[in-house]
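Note: the block below is final.txt and it holds compact mmCIF, C-alpha atoms.
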# COMPACT_ATOMS: atom_id res chain seq x y z
CA MET A 161 -4.20 38.79 12.33
CA THR A 162 -3.40 36.65 15.34
CA PRO A 163 -1.44 38.46 18.08
CA ILE A 164 2.12 37.16 18.18
CA ALA A 165 1.90 36.47 21.93
CA VAL A 166 -1.07 34.18 21.34
CA SER A 167 0.84 32.24 18.69
CA ILE A 168 3.87 31.79 20.94
CA ALA A 169 1.84 30.81 24.00
CA GLY A 170 -0.29 28.41 21.94
CA ALA A 171 2.71 26.78 20.30
CA LEU A 172 4.56 26.38 23.61
CA ALA A 173 1.55 24.90 25.38
CA SER A 174 0.77 22.43 22.56
CA PHE A 175 4.41 21.45 22.27
CA ALA A 176 4.49 20.83 26.03
CA LEU A 177 1.57 18.44 25.52
CA VAL A 178 3.54 16.50 22.90
CA VAL A 179 6.58 16.29 25.18
CA ALA A 180 4.41 15.17 28.12
CA VAL A 181 2.81 12.40 26.04
CA LEU A 182 6.19 11.18 24.78
CA GLU A 183 7.60 11.15 28.32
CA LEU A 184 4.62 9.16 29.61
CA ILE A 185 5.17 6.59 26.85
CA ARG A 186 8.85 6.39 27.68
CA ARG A 187 8.07 5.73 31.33
CA ARG A 188 5.61 3.01 30.26
CA ARG A 189 2.70 4.78 31.88
CA LEU A 190 0.93 5.21 28.54
CA GLN A 191 0.65 2.61 25.78
CA GLU A 192 1.30 3.82 22.24
CA ARG A 193 -2.09 2.66 21.07
CA TYR A 194 -3.75 5.15 23.42
CA ALA A 195 -1.18 7.85 22.73
CA LEU A 196 -1.60 8.18 18.98
CA LEU A 197 -4.63 10.47 19.19
CA TRP A 198 -2.94 12.64 21.83
CA LEU A 199 0.13 13.01 19.66
CA VAL A 200 -1.94 14.03 16.64
CA THR A 201 -3.77 16.54 18.85
CA GLY A 202 -0.55 18.06 20.18
CA LEU A 203 1.17 18.21 16.80
CA THR A 204 -1.85 19.72 15.02
CA LEU A 205 -2.28 22.43 17.67
CA THR A 206 1.45 23.17 17.62
CA ALA A 207 1.38 23.51 13.85
CA LEU A 208 -1.71 25.72 13.83
CA SER A 209 -0.26 27.98 16.52
CA ALA A 210 3.11 28.39 14.88
CA TRP A 211 1.91 28.63 11.29
CA ARG A 212 0.18 32.01 11.60
CA ASP A 213 -0.77 32.46 7.93
CA GLY A 214 -2.31 29.01 7.91
CA LEU A 215 -4.44 29.80 10.94
CA ASN A 216 -5.66 33.00 9.27
CA THR A 217 -6.48 31.16 6.06
CA ILE A 218 -8.41 28.45 7.87
CA ALA A 219 -10.21 31.12 9.93
CA GLY A 220 -11.18 32.75 6.63
CA TRP A 221 -12.58 29.46 5.29
CA VAL A 222 -14.82 28.93 8.28
CA GLY A 223 -15.93 32.56 8.41
CA VAL A 224 -14.06 33.67 11.53
CA ARG A 225 -13.03 37.23 10.67
CA SER A 226 -12.63 39.06 13.97
CA TYR A 227 -10.40 36.74 15.98
CA PRO A 228 -8.53 33.90 14.18
CA PRO A 229 -7.26 32.23 17.42
CA ALA A 230 -10.87 31.15 18.01
CA VAL A 231 -10.09 28.47 15.40
CA LEU A 232 -7.43 27.13 17.76
CA PHE A 233 -10.07 26.69 20.45
CA ALA A 234 -12.45 25.04 18.02
CA VAL A 235 -9.84 22.59 16.77
CA GLY A 236 -8.70 21.90 20.33
CA ILE A 237 -12.23 21.17 21.47
CA LEU A 238 -12.81 18.91 18.47
CA PHE A 239 -9.75 16.85 19.33
CA ILE A 240 -10.69 16.67 23.00
CA LEU A 241 -14.10 15.37 21.99
CA SER A 242 -12.50 12.70 19.78
CA VAL A 243 -10.19 11.62 22.57
CA LEU A 244 -13.14 11.38 24.96
CA LEU A 245 -15.21 9.41 22.48
CA HIS A 246 -12.29 7.09 21.88
CA TYR A 247 -11.94 6.55 25.63
CA SER A 248 -15.64 5.80 25.93
CA THR A 249 -15.22 2.97 23.43
CA VAL A 250 -12.13 1.76 25.29
CA ILE A 251 -13.97 1.79 28.63
CA SER A 252 -16.91 -0.08 27.10
CA ARG A 253 -14.59 -2.80 25.85
CA LEU A 254 -12.80 -3.01 29.19
CA ALA A 255 -16.11 -3.26 31.06
CA GLU A 256 -17.21 -6.10 28.81
CA GLN A 257 -13.92 -7.94 29.25
CA ASN A 258 -14.06 -7.38 33.00
CA THR A 259 -17.44 -9.10 33.11
CA VAL A 260 -16.08 -12.05 31.16
CA LEU A 261 -13.08 -12.30 33.51
CA ALA A 262 -15.29 -12.27 36.63
CA GLN A 263 -17.52 -14.96 35.14
CA ARG A 264 -14.60 -17.15 34.16
CA LEU A 265 -13.06 -16.72 37.61
CA ALA A 266 -16.31 -17.75 39.33
CA LEU A 267 -16.57 -20.85 37.13
CA LEU A 268 -12.93 -21.69 37.80
CA GLU A 269 -13.39 -21.38 41.58
CA LEU A 270 -16.39 -23.68 41.45
CA GLU A 271 -14.37 -26.19 39.44
CA LEU A 272 -11.47 -25.98 41.89
CA ARG A 273 -13.68 -26.36 44.94
CA SER A 274 -15.54 -29.34 43.56
CA GLN A 275 -12.22 -31.00 42.74
CA GLU A 276 -10.99 -30.36 46.28
CA LEU A 277 -14.19 -31.86 47.70
CA SER A 278 -14.01 -34.97 45.58
CA GLY A 279 -10.28 -35.31 46.36
CA SER A 280 -10.59 -35.20 50.17
CA MET B 1 19.05 -33.28 18.71
CA LEU B 2 17.05 -32.24 21.76
CA ALA B 3 18.32 -34.88 24.15
CA GLY B 4 17.96 -33.89 27.79
CA LEU B 5 16.33 -30.55 27.04
CA ARG B 6 12.83 -29.50 27.91
CA VAL B 7 11.37 -27.91 24.83
CA VAL B 8 7.96 -26.34 24.34
CA ALA B 9 6.30 -25.29 21.10
CA ILE B 10 4.17 -22.17 21.51
CA VAL B 11 1.38 -22.16 18.94
CA PRO B 12 -0.78 -19.01 18.88
CA ALA B 13 -4.06 -19.74 17.10
CA LEU B 14 -7.11 -17.73 16.19
CA ASN B 15 -9.87 -19.66 14.43
CA GLU B 16 -7.53 -22.30 12.99
CA GLU B 17 -9.69 -25.42 13.51
CA HIS B 18 -8.82 -26.68 10.02
CA THR B 19 -5.05 -26.41 10.35
CA ILE B 20 -4.24 -26.78 14.05
CA ALA B 21 -4.42 -30.59 14.07
CA ARG B 22 -1.92 -30.87 11.23
CA VAL B 23 0.47 -28.45 12.94
CA ILE B 24 0.35 -30.54 16.11
CA ASP B 25 0.81 -33.81 14.19
CA GLU B 26 3.79 -32.40 12.31
CA LEU B 27 5.38 -31.15 15.52
CA ARG B 28 4.99 -34.62 17.05
CA ALA B 29 6.41 -36.19 13.91
CA PHE B 30 9.43 -33.93 14.16
CA ASP B 31 10.09 -34.80 17.80
CA SER B 32 7.56 -36.41 20.09
CA ARG B 33 9.30 -35.09 23.22
CA ILE B 34 8.35 -31.49 22.44
CA ASP B 35 5.52 -30.26 24.62
CA ILE B 36 2.95 -28.29 22.71
CA VAL B 37 1.02 -25.35 24.12
CA VAL B 38 -1.69 -23.91 21.94
CA VAL B 39 -2.73 -20.40 22.93
CA ASP B 40 -6.28 -19.94 21.72
CA ASP B 41 -6.72 -16.19 21.34
CA GLY B 42 -10.49 -16.08 21.66
CA SER B 43 -11.41 -18.34 18.73
CA VAL B 44 -15.10 -18.75 17.94
CA ASP B 45 -14.57 -22.09 16.22
CA LEU B 46 -13.37 -25.46 17.55
CA THR B 47 -9.65 -24.61 17.63
CA ALA B 48 -9.30 -25.23 21.38
CA ASP B 49 -11.27 -28.50 21.30
CA VAL B 50 -9.35 -29.87 18.34
CA ALA B 51 -6.02 -28.99 19.98
CA ALA B 52 -7.05 -30.47 23.34
CA ALA B 53 -8.24 -33.67 21.62
CA LYS B 54 -4.78 -33.95 20.06
CA GLY B 55 -3.31 -33.85 23.55
CA ALA B 56 -1.76 -30.40 23.45
CA HIS B 57 -1.83 -28.07 26.43
CA VAL B 58 -4.45 -25.47 25.58
CA LEU B 59 -4.46 -22.01 27.10
CA ARG B 60 -7.82 -20.56 26.27
CA LEU B 61 -7.86 -16.78 26.53
CA PRO B 62 -11.26 -15.46 27.63
CA PHE B 63 -11.21 -12.85 24.87
CA ASN B 64 -9.00 -11.80 21.99
CA LEU B 65 -5.77 -10.24 23.26
CA GLY B 66 -4.11 -9.86 19.88
CA ILE B 67 -1.09 -11.79 18.69
CA GLY B 68 1.35 -10.12 21.11
CA GLY B 69 -0.70 -10.92 24.20
CA ALA B 70 -1.34 -14.46 22.97
CA VAL B 71 2.32 -15.24 22.29
CA GLN B 72 3.38 -13.73 25.61
CA THR B 73 0.92 -16.06 27.37
CA GLY B 74 2.88 -18.92 25.81
CA PHE B 75 6.20 -17.48 26.98
CA ARG B 76 4.80 -17.04 30.52
CA PHE B 77 3.81 -20.72 30.48
CA ALA B 78 7.29 -21.65 29.24
CA PHE B 79 8.94 -19.52 31.91
CA GLU B 80 6.86 -20.74 34.83
CA ARG B 81 7.16 -24.38 33.82
CA GLY B 82 10.93 -24.01 33.53
CA TYR B 83 11.43 -24.92 29.88
CA ASP B 84 14.95 -24.61 28.48
CA LEU B 85 13.88 -23.79 24.97
CA ALA B 86 10.78 -22.48 23.26
CA VAL B 87 9.90 -22.49 19.60
CA ARG B 88 7.15 -20.32 18.27
CA ILE B 89 5.18 -21.60 15.33
CA ASP B 90 1.94 -20.28 13.88
CA GLY B 91 -1.28 -22.28 14.09
CA ASP B 92 -2.24 -21.58 10.49
CA GLY B 93 0.24 -24.05 9.05
CA GLN B 94 2.50 -21.59 7.23
CA HIS B 95 5.55 -22.74 9.19
CA GLU B 96 6.88 -26.24 8.60
CA PRO B 97 7.98 -28.13 11.72
CA ALA B 98 10.34 -30.09 9.46
CA GLN B 99 12.39 -26.88 9.20
CA LEU B 100 12.74 -26.54 12.97
CA PRO B 101 16.38 -27.75 12.95
CA ARG B 102 17.37 -24.63 11.03
CA ILE B 103 16.20 -22.28 13.77
CA LEU B 104 17.03 -24.65 16.62
CA GLU B 105 20.68 -25.28 15.74
CA PRO B 106 22.11 -21.79 16.38
CA VAL B 107 20.30 -21.68 19.74
CA LEU B 108 21.39 -25.19 20.71
CA ARG B 109 25.01 -24.30 19.91
CA ASP B 110 24.51 -21.30 22.24
CA GLU B 111 25.55 -18.91 19.49
CA VAL B 112 22.38 -16.86 19.85
CA ASP B 113 19.49 -16.38 22.25
CA VAL B 114 16.87 -15.95 19.54
CA ALA B 115 16.83 -17.47 16.05
CA VAL B 116 14.27 -16.26 13.52
CA GLY B 117 13.26 -18.08 10.36
CA SER B 118 13.34 -15.60 7.48
CA ARG B 119 11.71 -15.95 4.09
CA PHE B 120 14.13 -13.48 2.58
CA ALA B 121 17.49 -14.27 4.20
CA GLY B 122 20.30 -15.45 1.97
CA GLY B 123 18.98 -13.54 -1.04
CA LYS B 124 16.16 -15.99 -1.49
CA ASP B 125 12.56 -15.05 -1.77
CA GLY B 126 10.43 -18.00 -0.90
CA TYR B 127 7.28 -16.02 -0.65
CA ARG B 128 4.61 -14.65 -2.92
CA SER B 129 2.65 -11.61 -1.89
CA SER B 130 1.25 -8.33 -3.08
CA ARG B 131 3.60 -5.60 -4.23
CA SER B 132 2.60 -3.03 -1.59
CA ARG B 133 3.23 -5.59 1.06
CA ARG B 134 6.67 -6.44 -0.29
CA VAL B 135 7.66 -2.77 -0.34
CA GLY B 136 6.37 -2.39 3.21
CA ILE B 137 8.33 -5.42 4.39
CA ARG B 138 11.48 -4.09 2.73
CA ILE B 139 11.19 -0.61 4.24
CA LEU B 140 10.58 -2.01 7.71
CA ALA B 141 13.49 -4.40 7.36
CA GLY B 142 15.74 -1.51 6.29
CA VAL B 143 14.76 0.65 9.26
CA VAL B 144 15.13 -2.19 11.76
CA SER B 145 18.51 -3.22 10.27
CA LYS B 146 19.81 0.35 10.68
CA ILE B 147 18.65 0.49 14.29
CA VAL B 148 20.05 -2.84 15.39
CA GLY B 149 23.22 -2.62 13.30
CA GLN B 150 22.73 -6.04 11.77
CA THR B 151 20.93 -7.12 8.62
CA VAL B 152 17.36 -8.15 9.30
CA THR B 153 15.28 -9.18 6.30
CA ASP B 154 12.04 -10.56 7.66
CA THR B 155 10.61 -8.49 10.49
CA THR B 156 7.23 -10.17 10.53
CA SER B 157 8.32 -13.78 10.89
CA GLY B 158 6.70 -15.66 13.76
CA PHE B 159 8.90 -18.75 13.26
CA GLN B 160 11.39 -18.48 16.09
CA ALA B 161 13.47 -20.46 18.56
CA VAL B 162 14.24 -18.86 21.92
CA ASN B 163 16.48 -19.97 24.79
CA ARG B 164 15.90 -19.54 28.52
CA ARG B 165 17.21 -15.96 28.55
CA GLY B 166 14.87 -15.03 25.73
CA ILE B 167 11.95 -16.80 27.42
CA ALA B 168 12.61 -14.87 30.65
CA LEU B 169 12.65 -11.57 28.76
CA PHE B 170 9.54 -12.27 26.68
CA ALA B 171 7.61 -13.58 29.69
CA ARG B 172 8.26 -10.27 31.41
CA ASP B 173 7.89 -7.89 28.49
CA TYR B 174 6.49 -8.56 25.06
CA PRO B 175 5.17 -5.91 22.66
CA HIS B 176 1.42 -5.83 22.16
CA ASP B 177 0.80 -4.35 18.77
CA TYR B 178 3.44 -5.49 16.27
CA PRO B 179 5.29 -8.07 18.31
CA GLU B 180 7.72 -9.45 15.74
CA VAL B 181 9.07 -6.08 14.62
CA GLU B 182 9.18 -4.56 18.07
CA ALA B 183 10.56 -7.69 19.71
CA THR B 184 13.51 -7.68 17.30
CA VAL B 185 14.47 -4.19 18.45
CA MET B 186 13.81 -5.14 22.07
CA VAL B 187 16.07 -8.18 21.85
CA PHE B 188 18.95 -6.00 20.73
CA ARG B 189 18.32 -3.37 23.40
CA HIS B 190 18.63 -6.11 26.01
CA ARG B 191 21.90 -7.20 24.36
CA LEU B 192 20.56 -10.60 23.51
CA ARG B 193 21.96 -12.25 20.40
CA LEU B 194 19.68 -12.77 17.41
CA VAL B 195 20.26 -14.43 14.07
CA GLU B 196 18.09 -14.91 11.02
CA VAL B 197 18.19 -18.18 9.17
CA PRO B 198 16.65 -18.82 5.76
CA VAL B 199 13.46 -20.87 5.71
CA THR B 200 10.61 -21.32 3.30
CA MET B 201 7.04 -20.88 4.34
CA ARG B 202 3.88 -22.37 2.97
CA GLU B 203 0.89 -20.48 1.75
CA ARG B 204 -1.41 -19.88 4.66
CA GLY B 205 -3.50 -22.97 5.24
CA GLY B 206 -6.48 -21.14 6.64
CA GLY B 207 -7.40 -17.84 8.23
CA ARG B 208 -6.26 -14.53 6.85
CA SER B 209 -3.22 -12.35 7.27
CA SER B 210 -3.72 -9.53 9.71
CA ILE B 211 -2.17 -7.16 7.16
CA THR B 212 -4.27 -6.36 4.09
CA ALA B 213 -2.92 -4.24 1.25
CA LEU B 214 -5.27 -1.34 1.96
CA ARG B 215 -4.08 -0.96 5.50
CA SER B 216 -0.40 -1.18 4.64
CA ILE B 217 0.40 2.52 4.91
CA TYR B 218 -1.47 3.07 8.16
CA TYR B 219 0.22 -0.06 9.43
CA MET B 220 3.66 1.24 8.43
CA VAL B 221 3.17 4.56 10.23
CA LYS B 222 2.06 2.84 13.39
CA VAL B 223 4.84 0.28 13.29
CA LEU B 224 7.49 2.93 12.76
CA LEU B 225 6.07 4.93 15.65
CA ALA B 226 6.11 1.81 17.81
CA ILE B 227 9.72 1.07 16.84
CA PHE B 228 10.90 4.56 17.74
CA VAL B 229 8.91 4.56 20.96
CA GLY B 230 10.47 1.20 21.78
CA LEU B 231 13.93 2.67 21.30
CA PHE B 232 13.46 5.34 23.91
CA ARG B 233 11.33 3.45 26.37
CA ARG B 234 12.81 2.22 29.59
CA ASN B 235 13.88 -1.39 29.67
CA VAL B 236 12.31 -3.78 32.07
CA VAL B 237 14.44 -6.07 34.19
CA PRO B 238 13.72 -9.72 33.41
CA GLN B 239 13.06 -11.96 36.36
CA GLU B 240 15.71 -14.45 37.33
CA GLY B 241 15.00 -17.90 35.98
CA MET B 242 12.99 -20.16 38.27
CA GLU B 243 14.31 -23.66 38.09

Please express the file's structure as C-alpha cells.
Amino acid sequence: MTPIAVSIAGALASFALVVAVLELIRRRRLQERYALLWLVTGLTLTALSAWRDGLNTIAGWVGVRSYPPAVLFAVGILFILSVLLHYSTVISRLAEQNTVLAQRLALLELELRSQELSGS
Amino acid sequence: MLAGLRVVAIVPALNEEHTIARVIDELRAFDSRIDIVVVDDGSVDLTADVAAAKGAHVLRLPFNLGIGGAVQTGFRFAFERGYDLAVRIDGDGQHEPAQLPRILEPVLRDEVDVAVGSRFAGGKDGYRSSRSRRVGIRILAGVVSKIVGQTVTDTTSGFQAVNRRGIALFARDYPHDYPEVEATVMVFRHRLRLVEVPVTMRERGGGRSSITALRSIYYMVKVLLAIFVGLFRRNVVPQEGME
C-alpha cells in the first residue's frame, strides 16, 4: 500500500501544477492550445495520487508489487515525454515558418528598394 | 444606406478559387463603395490571384494561421486604415451579400457594436447539417447564452458587421482557435453590445467545413475549455482609434 504521506505530497504537487498552468493561461503567458497537455498531465497525476486504491490496482496490472508510487513516477515520465515530443513538433513548425518569414521579408525589401530606386 | 461611411468587407479565404470571384462580384453588386480585403490564409490554389484580378485588396499570409489569425489580419487592416465599419463574410460563398442590410442596420443605428447573422435566430432553421453537429451547436449556444446573459443561437456564424469600437477590440485581441464562439464571450466581457439577426445561408459553394462529425466531441471539449479560459483571462485594453 502507498504511504499516506506520499499520496498527500503527490496530490498537492500535481494540483499545484494544475493551478500554475491555469494562472499562466489567465495572465496570457500560455496559450490554451499548448496548455491542454499540461492540464491533462496535472489532473491525471492528481487523480492517481489521491485515488490510492486506483494506484494500487494499476500497480498490480503492470506488475509493480513492492512500491506502488513507482507507477506515479512512470506515468509522470510518460507525460513529460509526450509534452517534450509535442514541443519538438511545435518548434519544428515554428522553425519552418520562421524561414518562410525571413525569405518573404528579404523579397519584400528587394521590392521596396527597387521601387525607391526607380522612383528617385 | 452607407452614405459617407468608409466600409470594408473582410473576406477570409482558404483555397476558395472557385467561389471567391462570385463573392467579390456580389459584394460589389450590393454596394460598389465597399472596399474588399481578401485575407488569403495560405491557399495553395489561385485564390489570391483571382481576388487580386477582381480588384480586391489581397493580404496574402505566408503560411496558414487558422481562421482566427486570418480574420484578425483583416481587422488590423480595417483599424489601421481607419474604416468606420467592417463586415465579415466568408470566401466560400455561404453568406449572401444581399443579406448585408440585416446585419448592417442595427450597427448603423448605433444600437449595437457587433451584429451577427444567425441561421437559427427567430425560431427558424435555415440550415441542413448532420445531427451530431446540430446537437453540438445547440449545447454551445446554451452555454454561451448562460454566460453572456442573452440568447445566442448561432455561435459559429462568421457573417458579422462590426463598428469602429469592435474593430479596435478585434484588431488588438482576437481568439485564435474558435474565434466566433470565443469572440462572442469576449465582446460581452468588454461590455460591447451584440445582437443576432436571422439570416439564411447557402450550402457551402466549395471547400469543406472545418468541423467534421467525427471530431465533434473533441471539438466541443476544446471549445468549452477555451470559453471558460476566456472568462477568467485578463482583458486587453484596446488601442484608441487612429483617425

message: Please find the residues of chain A near chain B - the criterion being any atom within 10 Å, counting only C-alpha atoms - and write them as number ranges by chain.
response: A: 182-188, 191-193, 196, 256-257, 260-261, 263-264

message: Give me, as a list in words, all polymer residues having an atom no more than 7 Å from range 98-100 of chain B, counting all atoms listed in the file and skipping those fewer than 3 positions away in the same chain.
response: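 Counting only the stated atoms, we get Phe30, Ile103 and Leu104 of chain B.
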
message: As an exercise, work out the distance from CA of Gly42 in chain B to CA of Ser242 in chain A in Å and give it to one decimal place.
response: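 The value is 28.9 Å.
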
task: Could you check how far CA of Thr151 in chain B sits from CA of Val187 in chain B, in Å to one decimal?
output: 14.1 Å

message: Show me, as a list in words, the residues that have an atom within 12 Å of Gly82 in chain B when counting only C-alpha atoms, minus same-chain residues fewer than 3 positions from it.
response: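 Near Gly82 in chain B, the qualifying residues are Leu5, Arg6, Val7, Val8, Phe75, Arg76, Phe77, Ala78, Phe79, Leu85, Ala86, Asn163, Arg164, Arg165, Ile167, Ala168, Ala171, Glu240, Gly241, Met242 and Glu243 of chain B.
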
field: Shell of 12 Å around Thr201 in chain A, only C-alpha atoms, local chain residues under 2 positions omitted, as a list in words
entry: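 Everything that qualifies: Ala173, Ser174, Phe175, Ala176, Leu177, Val178, Val181, Ala195, Leu196, Leu197, Trp198, Leu199, Leu203, Thr204, Leu205, Thr206, Ala207, Leu208, Leu232, Val235, Gly236, Ile237, Leu238, Phe239, Ile240, Leu241, Ser242 and Val243 of chain A.
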